[in-house]
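Trainee: Shown below is the structure under consideration.
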Amino acid sequence: MNEYEILLIWDDEARVWIAQNDEIPLVLENGSLDLLMEQVRLAAPEILELNGREHEDVYLEFTTKRRARVIA
């Protein structure tokens, strides 16, 4: 089993979520968190294959990070 942690970070300036993982390697972005997670789920096996890495039994763990200013 191969498990990869995908970090999803909100870019407030660009108004998009960015997905990244150095092991795969992966960098994708989308304005919708759900659509971004689907993009990653579909792209990860292909990227692993292109990089000569086994991609059977791959699990993705999504971790989100979003910073919000509450006091101006």
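Naming scheme: A, B, ... for chains in displayed order of the structure tokens; residues 1 onward per chain; ligands 1 onward as shown.
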Just the strand (DSSP E or B) stuff from region 34-65 of chain A, please, per backbone DSSP, written as an NGL selection string.
Mentor: :A and (58-65)
Trainee: Go ahead and write the selection's residues with N, CA, C and O atoms as a PDB file, in the first residue's frame.
Mentor:
```
ATOM      1  N   VAL A  58      -2.996   2.721  -4.103  1.00  0.00           N
ATOM      2  CA  VAL A  58      -2.603   4.073  -3.715  1.00  0.00           C
ATOM      3  C   VAL A  58      -3.741   4.712  -2.937  1.00  0.00           C
ATOM      4  O   VAL A  58      -4.902   4.661  -3.352  1.00  0.00           O
ATOM      5  N   TYR A  59      -3.395   5.293  -1.808  1.00  0.00           N
ATOM      6  CA  TYR A  59      -4.355   6.025  -0.982  1.00  0.00           C
ATOM      7  C   TYR A  59      -3.873   7.460  -0.856  1.00  0.00           C
ATOM      8  O   TYR A  59      -2.682   7.711  -0.701  1.00  0.00           O
ATOM      9  N   LEU A  60      -4.815   8.383  -0.936  1.00  0.00           N
ATOM     10  CA  LEU A  60      -4.506   9.801  -0.785  1.00  0.00           C
ATOM     11  C   LEU A  60      -5.149  10.314   0.489  1.00  0.00           C
ATOM     12  O   LEU A  60      -6.328  10.057   0.747  1.00  0.00           O
ATOM     13  N   GLU A  61      -4.366  11.012   1.281  1.00  0.00           N
ATOM     14  CA  GLU A  61      -4.879  11.652   2.488  1.00  0.00           C
ATOM     15  C   GLU A  61      -4.831  13.157   2.243  1.00  0.00           C
ATOM     16  O   GLU A  61      -3.768  13.729   2.005  1.00  0.00           O
ATOM     17  N   PHE A  62      -6.001  13.800   2.282  1.00  0.00           N
ATOM     18  CA  PHE A  62      -6.088  15.221   2.006  1.00  0.00           C
ATOM     19  C   PHE A  62      -6.070  16.016   3.305  1.00  0.00           C
ATOM     20  O   PHE A  62      -6.857  15.747   4.210  1.00  0.00           O
ATOM     21  N   THR A  63      -5.162  16.980   3.382  1.00  0.00           N
ATOM     22  CA  THR A  63      -5.060  17.876   4.527  1.00  0.00           C
ATOM     23  C   THR A  63      -5.241  19.297   4.021  1.00  0.00           C
ATOM     24  O   THR A  63      -4.552  19.710   3.087  1.00  0.00           O
ATOM     25  N   THR A  64      -6.178  20.024   4.616  1.00  0.00           N
ATOM     26  CA  THR A  64      -6.426  21.400   4.170  1.00  0.00           C
ATOM     27  C   THR A  64      -5.781  22.396   5.128  1.00  0.00           C
ATOM     28  O   THR A  64      -5.652  22.139   6.324  1.00  0.00           O
ATOM     29  N   LYS A  65      -5.408  23.520   4.556  1.00  0.00           N
ATOM     30  CA  LYS A  65      -4.808  24.603   5.337  1.00  0.00           C
ATOM     31  C   LYS A  65      -5.341  25.919   4.772  1.00  0.00           C
ATOM     32  O   LYS A  65      -5.179  26.202   3.581  1.00  0.00           O
TER      33      LYS A  65
END
```
Trainee: Using only C-alpha atoms, which protein or nucleic acid residues come within 12 Å of Asn2 (chain A)? Drop anything in the same chain fewer than 2 positions from it, and give the result as an MDAnalysis selection string.
Mentor: chainID A and resid 4:5 23:24 44:45 48 53:61
Trainee: Output N, CA, C and O atoms for every residue in that selection, as a compact mmCIF listing (two decimals), in the first residue's frame.
Mentor:
```
# COMPACT_ATOMS: atom_id res chain seq x y z
N TYR A 4 -0.14 8.75 0.22
CA TYR A 4 0.45 10.07 0.00
C TYR A 4 -0.43 11.13 0.64
O TYR A 4 -1.65 11.11 0.47
N GLU A 5 0.21 12.04 1.36
CA GLU A 5 -0.52 13.16 1.93
C GLU A 5 -0.52 14.31 0.93
O GLU A 5 0.53 14.77 0.49
N GLU A 23 6.27 14.06 -3.26
CA GLU A 23 6.59 12.67 -3.57
C GLU A 23 6.05 12.23 -4.92
O GLU A 23 6.61 11.36 -5.56
N ILE A 24 4.93 12.81 -5.37
CA ILE A 24 4.30 12.30 -6.58
C ILE A 24 4.97 12.76 -7.87
O ILE A 24 5.17 11.90 -8.72
N ALA A 44 -3.19 11.62 -9.98
CA ALA A 44 -2.13 10.96 -9.21
C ALA A 44 -1.65 9.65 -9.84
O ALA A 44 -0.44 9.47 -10.00
N PRO A 45 -2.54 8.72 -10.23
CA PRO A 45 -2.04 7.47 -10.82
C PRO A 45 -1.24 7.70 -12.11
O PRO A 45 -0.22 7.05 -12.34
N LEU A 48 2.19 9.14 -11.21
CA LEU A 48 3.03 8.08 -10.65
C LEU A 48 3.57 7.18 -11.76
O LEU A 48 4.75 6.83 -11.76
N ARG A 53 6.79 4.97 -11.03
CA ARG A 53 6.49 4.49 -9.68
C ARG A 53 5.24 3.63 -9.71
O ARG A 53 4.30 3.90 -10.43
N GLU A 54 5.27 2.60 -8.89
CA GLU A 54 4.13 1.71 -8.79
C GLU A 54 2.92 2.48 -8.27
O GLU A 54 3.04 3.30 -7.37
N HIS A 55 1.77 2.20 -8.85
CA HIS A 55 0.60 2.94 -8.42
C HIS A 55 -0.59 2.05 -8.07
O HIS A 55 -1.72 2.48 -8.09
N GLU A 56 -0.33 0.81 -7.70
CA GLU A 56 -1.41 -0.05 -7.21
C GLU A 56 -1.60 0.21 -5.73
O GLU A 56 -0.66 0.51 -5.01
N ASP A 57 -2.83 0.11 -5.28
CA ASP A 57 -3.18 0.33 -3.88
C ASP A 57 -2.68 1.68 -3.37
O ASP A 57 -2.00 1.77 -2.35
N VAL A 58 -3.00 2.72 -4.10
CA VAL A 58 -2.60 4.07 -3.72
C VAL A 58 -3.74 4.71 -2.94
O VAL A 58 -4.90 4.66 -3.35
N TYR A 59 -3.39 5.29 -1.81
CA TYR A 59 -4.36 6.03 -0.98
C TYR A 59 -3.87 7.46 -0.86
O TYR A 59 -2.68 7.71 -0.70
N LEU A 60 -4.82 8.38 -0.94
CA LEU A 60 -4.51 9.80 -0.78
C LEU A 60 -5.15 10.31 0.49
O LEU A 60 -6.33 10.06 0.75
N GLU A 61 -4.37 11.01 1.28
CA GLU A 61 -4.88 11.65 2.49
C GLU A 61 -4.83 13.16 2.24
O GLU A 61 -3.77 13.73 2.01
```
Trainee: Residues within 9 Å of Val27 (chain A), please, as a list in words. Count only C-alpha atoms; anything in the same chain fewer than 3 positions from it doesn't count.
Mentor: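 With the cut-off at 9 Å, the set is Ile18, Ala19, Gln20, Asn21, Asp22 and Val40 of chain A.
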Trainee: Can you write just those residues out, N, CA and C atoms, as a compact mmCIF listing (two decimals), in the first residue's frame?
Mentor:
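The file below, again.txt, is the result:
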```
# COMPACT_ATOMS: atom_id res chain seq x y z
N ILE A 18 -4.78 25.17 -3.80
CA ILE A 18 -3.61 24.60 -4.46
C ILE A 18 -3.31 23.26 -3.80
N ALA A 19 -3.17 22.22 -4.62
CA ALA A 19 -2.83 20.89 -4.13
C ALA A 19 -1.37 20.63 -4.45
N GLN A 20 -0.64 20.15 -3.46
CA GLN A 20 0.76 19.84 -3.72
C GLN A 20 1.23 18.63 -2.92
N ASN A 21 2.15 17.92 -3.53
CA ASN A 21 2.81 16.79 -2.91
C ASN A 21 4.14 16.60 -3.63
N ASP A 22 5.23 16.59 -2.89
CA ASP A 22 6.55 16.47 -3.49
C ASP A 22 6.89 15.04 -3.90
N VAL A 40 -7.04 15.70 -8.34
CA VAL A 40 -5.89 15.00 -7.75
C VAL A 40 -6.11 13.50 -7.83
```
Trainee: Can you work out the spacing between CA of Glu3 (chain A) and CA of Gln39 (chain A) in Å, to one decimal?
Mentor: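 CA of Gln39 (chain A) lies at a distance of 17.0 Å from CA of Glu3 (chain A).
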Trainee: What is the CA of Asn51 (chain A)-CA of Trp17 (chain A) distance in Å, reported with one decimal?
Mentor: 24.4 Å
Trainee: From a DSSP calculation on the backbone, collect every residue of chain A in helix (DSSP H, G or I) and output the set as a count of residues only.
Mentor: 18
Trainee: How far is it from CA of Asp11 (chain A) to CA of Ile47 (chain A), in Å with one decimal?
Mentor: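 Rounded to one decimal, the two atoms are 23.6 Å apart.
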Trainee: Near Trp10 (chain A), counting only C-alpha atoms, which residues have an atom at most 10 Å away, once you skip same-chain residues fewer than 3 positions from it, shown as a ChimeraX atom specification?
Mentor: /A:7,13-19,29-31,33,64-68
